[in-house]
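Text of the file data.pdb, holding PDB, C-alpha atoms:
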```pdb
ATOM      1  CA  MET A   1       0.000   0.000   0.000
ATOM      2  CA  THR A   2       1.476   3.314  -1.041
ATOM      3  CA  THR A   3       0.720   6.673   0.439
ATOM      4  CA  GLU A   4       0.777   9.617  -1.892
ATOM      5  CA  THR A   5       1.807  12.940  -0.430
ATOM      6  CA  THR A   6       0.206  15.972  -1.964
ATOM      7  CA  VAL A   7       2.470  18.993  -2.041
ATOM      8  CA  THR A   8       0.540  22.249  -1.876
ATOM      9  CA  LYS A   9       2.155  25.103  -3.710
ATOM     10  CA  PRO A  10       2.256  28.394  -1.804
ATOM     11  CA  SER A  11       0.008  31.173  -3.046
ATOM     12  CA  ASN A  12       1.515  33.977  -5.085
ATOM     13  CA  TRP A  13      -0.286  36.353  -2.724
ATOM     14  CA  ASN A  14       2.323  36.492   0.017
ATOM     15  CA  VAL A  15       4.622  38.992   1.713
ATOM     16  CA  PRO A  16       7.853  38.099  -0.170
ATOM     17  CA  ASN A  17       6.151  38.571  -3.543
ATOM     18  CA  ALA A  18       4.578  41.823  -2.336
ATOM     19  CA  LEU A  19       8.037  43.114  -1.382
ATOM     20  CA  THR A  20       9.408  42.055  -4.763
ATOM     21  CA  THR A  21       6.579  43.883  -6.520
ATOM     22  CA  LEU A  22       7.178  46.938  -4.350
ATOM     23  CA  ARG A  23      10.841  46.900  -5.430
ATOM     24  CA  ILE A  24       9.800  46.957  -9.087
ATOM     25  CA  VAL A  25       7.357  49.822  -8.447
ATOM     26  CA  MET A  26      10.137  51.795  -6.725
ATOM     27  CA  VAL A  27      12.358  51.790  -9.831
ATOM     28  CA  PRO A  28      10.820  54.796 -11.672
ATOM     29  CA  PHE A  29      10.612  56.804  -8.434
ATOM     30  CA  PHE A  30      14.268  56.064  -7.725
ATOM     31  CA  GLY A  31      15.185  57.080 -11.266
ATOM     32  CA  TYR A  32      13.232  60.320 -10.999
ATOM     33  CA  ALA A  33      14.871  61.224  -7.685
ATOM     34  CA  LEU A  34      18.344  60.408  -8.984
ATOM     35  CA  LEU A  35      17.984  62.402 -12.209
ATOM     36  CA  HIS A  36      16.000  65.337 -10.843
ATOM     37  CA  ASP A  37      17.641  68.663 -11.659
ATOM     38  CA  GLY A  38      20.343  66.833 -13.601
ATOM     39  CA  GLY A  39      21.444  64.991 -10.467
ATOM     40  CA  ASP A  40      22.566  68.207  -8.772
ATOM     41  CA  SER A  41      19.795  68.412  -6.175
ATOM     42  CA  ILE A  42      21.162  67.367  -2.798
ATOM     43  CA  ALA A  43      17.706  66.673  -1.356
ATOM     44  CA  TRP A  44      16.615  64.533  -4.309
ATOM     45  CA  ARG A  45      19.897  62.614  -4.372
ATOM     46  CA  ILE A  46      19.440  61.790  -0.683
ATOM     47  CA  ALA A  47      15.893  60.669  -1.489
ATOM     48  CA  ALA A  48      17.313  58.465  -4.247
ATOM     49  CA  TYR A  49      19.769  56.938  -1.769
ATOM     50  CA  VAL A  50      16.949  56.182   0.689
ATOM     51  CA  LEU A  51      14.879  54.503  -2.036
ATOM     52  CA  PHE A  52      17.842  52.447  -3.230
ATOM     53  CA  ALA A  53      18.722  51.401   0.326
ATOM     54  CA  LEU A  54      15.111  50.351   0.970
ATOM     55  CA  ALA A  55      15.145  48.319  -2.241
ATOM     56  CA  MET A  56      18.298  46.498  -1.168
ATOM     57  CA  VAL A  57      16.838  45.804   2.280
ATOM     58  CA  THR A  58      13.595  44.415   0.840
ATOM     59  CA  ASP A  59      15.652  42.211  -1.481
ATOM     60  CA  LYS A  60      17.266  40.614   1.565
ATOM     61  CA  ILE A  61      14.027  40.367   3.540
ATOM     62  CA  ASP A  62      11.857  38.839   0.808
ATOM     63  CA  GLY A  63      14.409  36.125   0.066
ATOM     64  CA  ASP A  64      14.827  35.227   3.740
ATOM     65  CA  LEU A  65      11.064  35.139   4.313
ATOM     66  CA  ALA A  66      10.401  33.024   1.233
ATOM     67  CA  ARG A  67      12.962  30.402   2.245
ATOM     68  CA  LYS A  68      12.107  30.390   5.961
ATOM     69  CA  HIS A  69       8.337  30.034   5.501
ATOM     70  CA  ASN A  70       8.391  27.935   2.315
ATOM     71  CA  LEU A  71       6.873  30.722   0.228
ATOM     72  CA  VAL A  72       9.031  30.246  -2.859
ATOM     73  CA  THR A  73       6.766  30.596  -5.912
ATOM     74  CA  ASP A  74       7.217  30.538  -9.673
ATOM     75  CA  PHE A  75       6.273  34.218  -9.718
ATOM     76  CA  GLY A  76       8.966  34.984  -7.175
ATOM     77  CA  LYS A  77      11.585  33.032  -9.095
ATOM     78  CA  ILE A  78      10.903  35.172 -12.161
ATOM     79  CA  ALA A  79      10.079  38.551 -10.599
ATOM     80  CA  ASP A  80      12.855  38.657  -7.984
ATOM     81  CA  PRO A  81      15.833  38.686 -10.396
ATOM     82  CA  ILE A  82      13.961  41.107 -12.661
ATOM     83  CA  ALA A  83      13.413  43.461  -9.720
ATOM     84  CA  ASP A  84      17.088  43.230  -8.767
ATOM     85  CA  LYS A  85      18.332  43.956 -12.262
ATOM     86  CA  ALA A  86      15.780  46.752 -12.750
ATOM     87  CA  ILE A  87      16.821  48.737  -9.677
ATOM     88  CA  THR A  88      20.575  48.234 -10.162
ATOM     89  CA  GLY A  89      20.230  48.859 -13.897
ATOM     90  CA  MET A  90      18.440  52.145 -13.209
ATOM     91  CA  ALA A  91      21.248  53.075 -10.817
ATOM     92  CA  PHE A  92      23.965  52.330 -13.378
ATOM     93  CA  ILE A  93      22.158  54.191 -16.174
ATOM     94  CA  GLY A  94      21.222  57.138 -13.972
ATOM     95  CA  LEU A  95      24.733  57.524 -12.591
ATOM     96  CA  SER A  96      26.106  57.452 -16.142
ATOM     97  CA  ILE A  97      23.724  60.240 -17.115
ATOM     98  CA  VAL A  98      24.195  62.645 -14.190
ATOM     99  CA  GLY A  99      27.059  65.060 -14.703
ATOM    100  CA  SER A 100      27.911  63.634 -18.141
ATOM    101  CA  GLN A 101      29.646  65.936 -20.592
ATOM    102  CA  SER A 102      28.797  66.175 -24.265
ATOM    103  CA  GLY A 103      31.369  66.059 -26.999
ATOM    104  CA  GLU A 104      33.249  63.054 -25.635
ATOM    105  CA  ALA A 105      33.464  59.598 -27.152
ATOM    106  CA  TRP A 106      30.832  57.175 -25.811
ATOM    107  CA  TYR A 107      33.455  54.968 -24.152
ATOM    108  CA  VAL A 108      34.813  57.956 -22.214
ATOM    109  CA  ALA A 109      31.700  60.023 -21.680
ATOM    110  CA  GLY A 110      29.620  59.432 -18.620
ATOM    111  CA  GLY A 111      28.690  61.005 -15.367
ATOM    112  CA  GLU A 112      29.729  59.356 -12.141
ATOM    113  CA  ILE A 113      30.019  55.969 -13.861
ATOM    114  CA  TRP A 114      31.466  55.592 -17.360
ATOM    115  CA  TRP A 115      28.993  54.407 -19.979
ATOM    116  CA  TRP A 116      31.185  51.498 -21.082
ATOM    117  CA  VAL A 117      31.125  50.164 -17.512
ATOM    118  CA  THR A 118      27.338  50.431 -17.376
ATOM    119  CA  ILE A 119      26.883  48.702 -20.740
ATOM    120  CA  LEU A 120      29.310  45.912 -19.830
ATOM    121  CA  VAL A 121      27.609  45.215 -16.503
ATOM    122  CA  LEU A 122      24.065  45.382 -17.886
ATOM    123  CA  VAL A 123      24.843  43.001 -20.756
ATOM    124  CA  ARG A 124      26.282  40.518 -18.263
ATOM    125  CA  GLU A 125      23.440  40.868 -15.755
ATOM    126  CA  TRP A 126      20.572  40.546 -18.205
ATOM    127  CA  SER A 127      22.183  37.733 -20.206
ATOM    128  CA  VAL A 128      22.615  35.713 -17.000
ATOM    129  CA  THR A 129      19.049  36.477 -15.903
ATOM    130  CA  LEU A 130      17.545  35.525 -19.276
ATOM    131  CA  LEU A 131      19.575  32.311 -19.431
ATOM    132  CA  ARG A 132      18.584  31.402 -15.859
ATOM    133  CA  LEU A 133      14.906  31.924 -16.666
ATOM    134  CA  SER A 134      15.120  29.993 -19.937
ATOM    135  CA  ILE A 135      16.657  26.861 -18.428
ATOM    136  CA  MET A 136      15.189  26.864 -14.905
ATOM    137  CA  LYS A 137      12.689  24.096 -15.759
ATOM    138  CA  ASP A 138      15.516  21.738 -16.674
ATOM    139  CA  VAL A 139      18.533  23.045 -14.776
ATOM    140  CA  VAL A 140      18.690  24.810 -11.425
ATOM    141  CA  ILE A 141      21.799  26.911 -10.838
ATOM    142  CA  PRO A 142      21.933  27.948  -7.171
ATOM    143  CA  ALA A 143      23.229  31.389  -6.329
ATOM    144  CA  ALA A 144      26.991  31.090  -5.859
ATOM    145  CA  GLN A 145      28.804  32.722  -2.953
ATOM    146  CA  LEU A 146      30.802  34.860  -5.389
ATOM    147  CA  GLY A 147      27.566  36.131  -6.882
ATOM    148  CA  LYS A 148      26.301  37.125  -3.441
ATOM    149  CA  ILE A 149      29.532  39.024  -2.743
ATOM    150  CA  LYS A 150      29.179  40.723  -6.135
ATOM    151  CA  THR A 151      25.625  41.782  -5.321
ATOM    152  CA  THR A 152      26.718  43.198  -1.972
ATOM    153  CA  ALA A 153      29.623  45.124  -3.524
ATOM    154  CA  GLN A 154      27.356  46.497  -6.257
ATOM    155  CA  GLY A 155      24.760  47.549  -3.704
ATOM    156  CA  VAL A 156      27.272  49.341  -1.476
ATOM    157  CA  ALA A 157      28.952  51.133  -4.397
ATOM    158  CA  LEU A 158      25.738  52.187  -6.138
ATOM    159  CA  GLY A 159      24.174  53.241  -2.857
ATOM    160  CA  LEU A 160      27.106  55.497  -1.986
ATOM    161  CA  LEU A 161      27.274  56.929  -5.500
ATOM    162  CA  SER A 162      23.557  57.748  -5.310
ATOM    163  CA  LEU A 163      24.410  60.264  -2.608
ATOM    164  CA  PRO A 164      25.277  63.844  -3.690
ATOM    165  CA  LEU A 165      28.973  63.303  -2.963
ATOM    166  CA  VAL A 166      30.247  65.494  -5.806
ATOM    167  CA  ALA A 167      26.977  67.135  -6.838
ATOM    168  CA  ASP A 168      26.145  70.844  -6.546
ATOM    169  CA  ASP A 169      29.745  72.029  -6.933
ATOM    170  CA  HIS A 170      31.112  69.549  -4.385
ATOM    171  CA  ALA A 171      28.896  70.820  -1.567
ATOM    172  CA  TRP A 172      30.060  67.946   0.644
ATOM    173  CA  GLY A 173      33.673  69.052   0.292
ATOM    174  CA  THR A 174      36.638  66.762   0.863
ATOM    175  CA  VAL A 175      34.592  64.192   2.787
ATOM    176  CA  GLY A 176      32.282  63.780  -0.200
ATOM    177  CA  GLU A 177      35.207  63.377  -2.593
ATOM    178  CA  VAL A 178      36.886  60.756  -0.388
ATOM    179  CA  ILE A 179      33.672  58.720  -0.110
ATOM    180  CA  PHE A 180      33.134  59.116  -3.860
ATOM    181  CA  TYR A 181      36.527  57.616  -4.710
ATOM    182  CA  VAL A 182      36.113  54.861  -2.123
ATOM    183  CA  ALA A 183      32.792  54.020  -3.800
ATOM    184  CA  GLN A 184      34.543  53.950  -7.183
ATOM    185  CA  VAL A 185      37.099  51.459  -5.865
ATOM    186  CA  ILE A 186      34.297  49.269  -4.489
ATOM    187  CA  LEU A 187      32.529  49.563  -7.848
ATOM    188  CA  ALA A 188      35.685  48.446  -9.683
ATOM    189  CA  VAL A 189      35.826  45.363  -7.450
ATOM    190  CA  ALA A 190      32.117  44.767  -8.067
ATOM    191  CA  VAL A 191      32.582  44.982 -11.847
ATOM    192  CA  ALA A 192      35.444  42.471 -11.728
ATOM    193  CA  LEU A 193      33.325  40.115  -9.598
ATOM    194  CA  THR A 194      30.379  40.655 -11.941
ATOM    195  CA  LEU A 195      32.352  39.524 -14.979
ATOM    196  CA  TRP A 196      33.993  36.561 -13.251
ATOM    197  CA  SER A 197      30.792  35.312 -11.620
ATOM    198  CA  GLY A 198      29.085  35.662 -14.999
ATOM    199  CA  TYR A 199      31.726  33.439 -16.574
ATOM    200  CA  GLU A 200      31.281  30.880 -13.794
ATOM    201  CA  PHE A 201      27.501  30.908 -14.232
ATOM    202  CA  PHE A 202      27.638  30.293 -17.988
ATOM    203  CA  ARG A 203      30.244  27.569 -17.487
ATOM    204  CA  ASP A 204      28.167  25.758 -14.852
ATOM    205  CA  ALA A 205      24.911  26.233 -16.760
ATOM    206  CA  PHE A 206      26.232  24.646 -19.953
ATOM    207  CA  ARG A 207      27.873  21.812 -18.000
ATOM    208  CA  GLN A 208      24.592  20.967 -16.277
ATOM    209  CA  LYS A 209      22.642  21.372 -19.505
ATOM    210  CA  ARG A 210      24.906  18.859 -21.239
ATOM    211  CA  ALA A 211      24.632  16.462 -18.291
ATOM    212  CA  HIS A 212      20.834  16.808 -18.313
ATOM    213  CA  THR A 213      20.501  16.043 -22.012
ATOM    214  CA  ALA A 214      23.082  13.219 -22.001
TER
END
```
Starting from the coordinates I provided, produce the structure as structure tokens.
Amino acid sequence: MTTETTVTKPSNWNVPNALTTLRIVMVPFFGYALLHDGGDSIAWRIAAYVLFALAMVTDKIDGDLARKHNLVTDFGKIADPIADKAITGMAFIGLSIVGSQSGEAWYVAGGEIWWWVTILVLVREWSVTLLRLSIMKDVVIPAAQLGKIKTTAQGVALGLLSLPLVADDHAWGTVGEVIFYVAQVILAVAVALTLWSGYEFFRDAFRQKRAHTA
């Protein structure tokens, strides 16, 4: 006699998914605050920092809640990485726009982040996300520790750069400049980790895909 166990899927209407949705909704508001007055408004840049920090906090909370209370859903699996890439992508693009100077080549021009850095990171992030979503029915690639470190470094760097450190004619003075360059160093580390973790993801994904189809 066999006993069949019915596994009930959690409802999409739960707190983790609500936080993920909130993070997506915050993206245009964050972008508006960051780009308001060409990025030179101290008050709006601080507002942008607060929104970005809240987005990063909700990213941590929704993942912890989903795993702790078994609330992992198909919607969450799809929406969570999209929310992450949307908010960080808006930060990269916005920080490349603010303070940018015309008349320079595209690979040099940029505001507080060079455009070539933004393009490189966004291509990596979205290609990994699209590949993960396309193969997740057949192959599950768990988040690697290096990827988590990369996400943390990106969050810290982008959060700091969202502040008006060198905006409004360097109103924050030397302290703002020091924090700005520290953030740039952290961002450089994050970019290196982004590229390497992307390589590792593609390598592992194709290895598992071959093993699955063998």
Any chance you could resolve the PyMOL selection byres ((chain A and resi 79) around 12) against this file and give the residues as a ChimeraX atom specification?
/A:12,16-25,59,62-63,72-78,80-86,129-130,133
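If you measure from each of A:Ile119, A:Gly159, A:Ala47, A:Gly111 to Ile87 (chain A) using only C-alpha atoms, the closest one turns out to be A:Gly159.
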Would you be able to write out as a PyMOL selection string which residues have an atom within 9 Å of (23.8, 59.0, -7.1) in the file's coordinates, counting only C-alpha atoms?
chain A and resi 34-35+39+45-46+48-49+91+94-95+98+112+158-165+167
Point-to-point distance from CA of Thr118 (chain A) to CA of Ser197 (chain A), Å rounded to tenths:
16.5 Å
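Atom to atom, CA of Trp114 (chain A) and CA of Phe92 (chain A) stand 9.1 Å apart.
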Given all atoms listed in the file as the counted atoms, nearest of A:Leu51, A:Arg67, A:Ala157, A:Leu187 to Pro28 (chain A):
A:Leu51
With distances taken over only C-alpha atoms, which of A:Asn14, A:Asn70, A:Ser96, A:Thr58 is nearest to Gly38 (chain A)?
A:Ser96
Ground truth for the PyMOL selection byres ((chain A and resi 188) around 12), written as a list in words:
Ile113, Trp114, Val117, Thr118, Val121, Lys150, Ala153, Gln154, Val156, Ala157, Leu158, Tyr181, Val182, Ala183, Gln184, Val185, Ile186, Leu187, Val189, Ala190, Val191, Ala192, Leu193, Thr194 and Leu195 of chain A
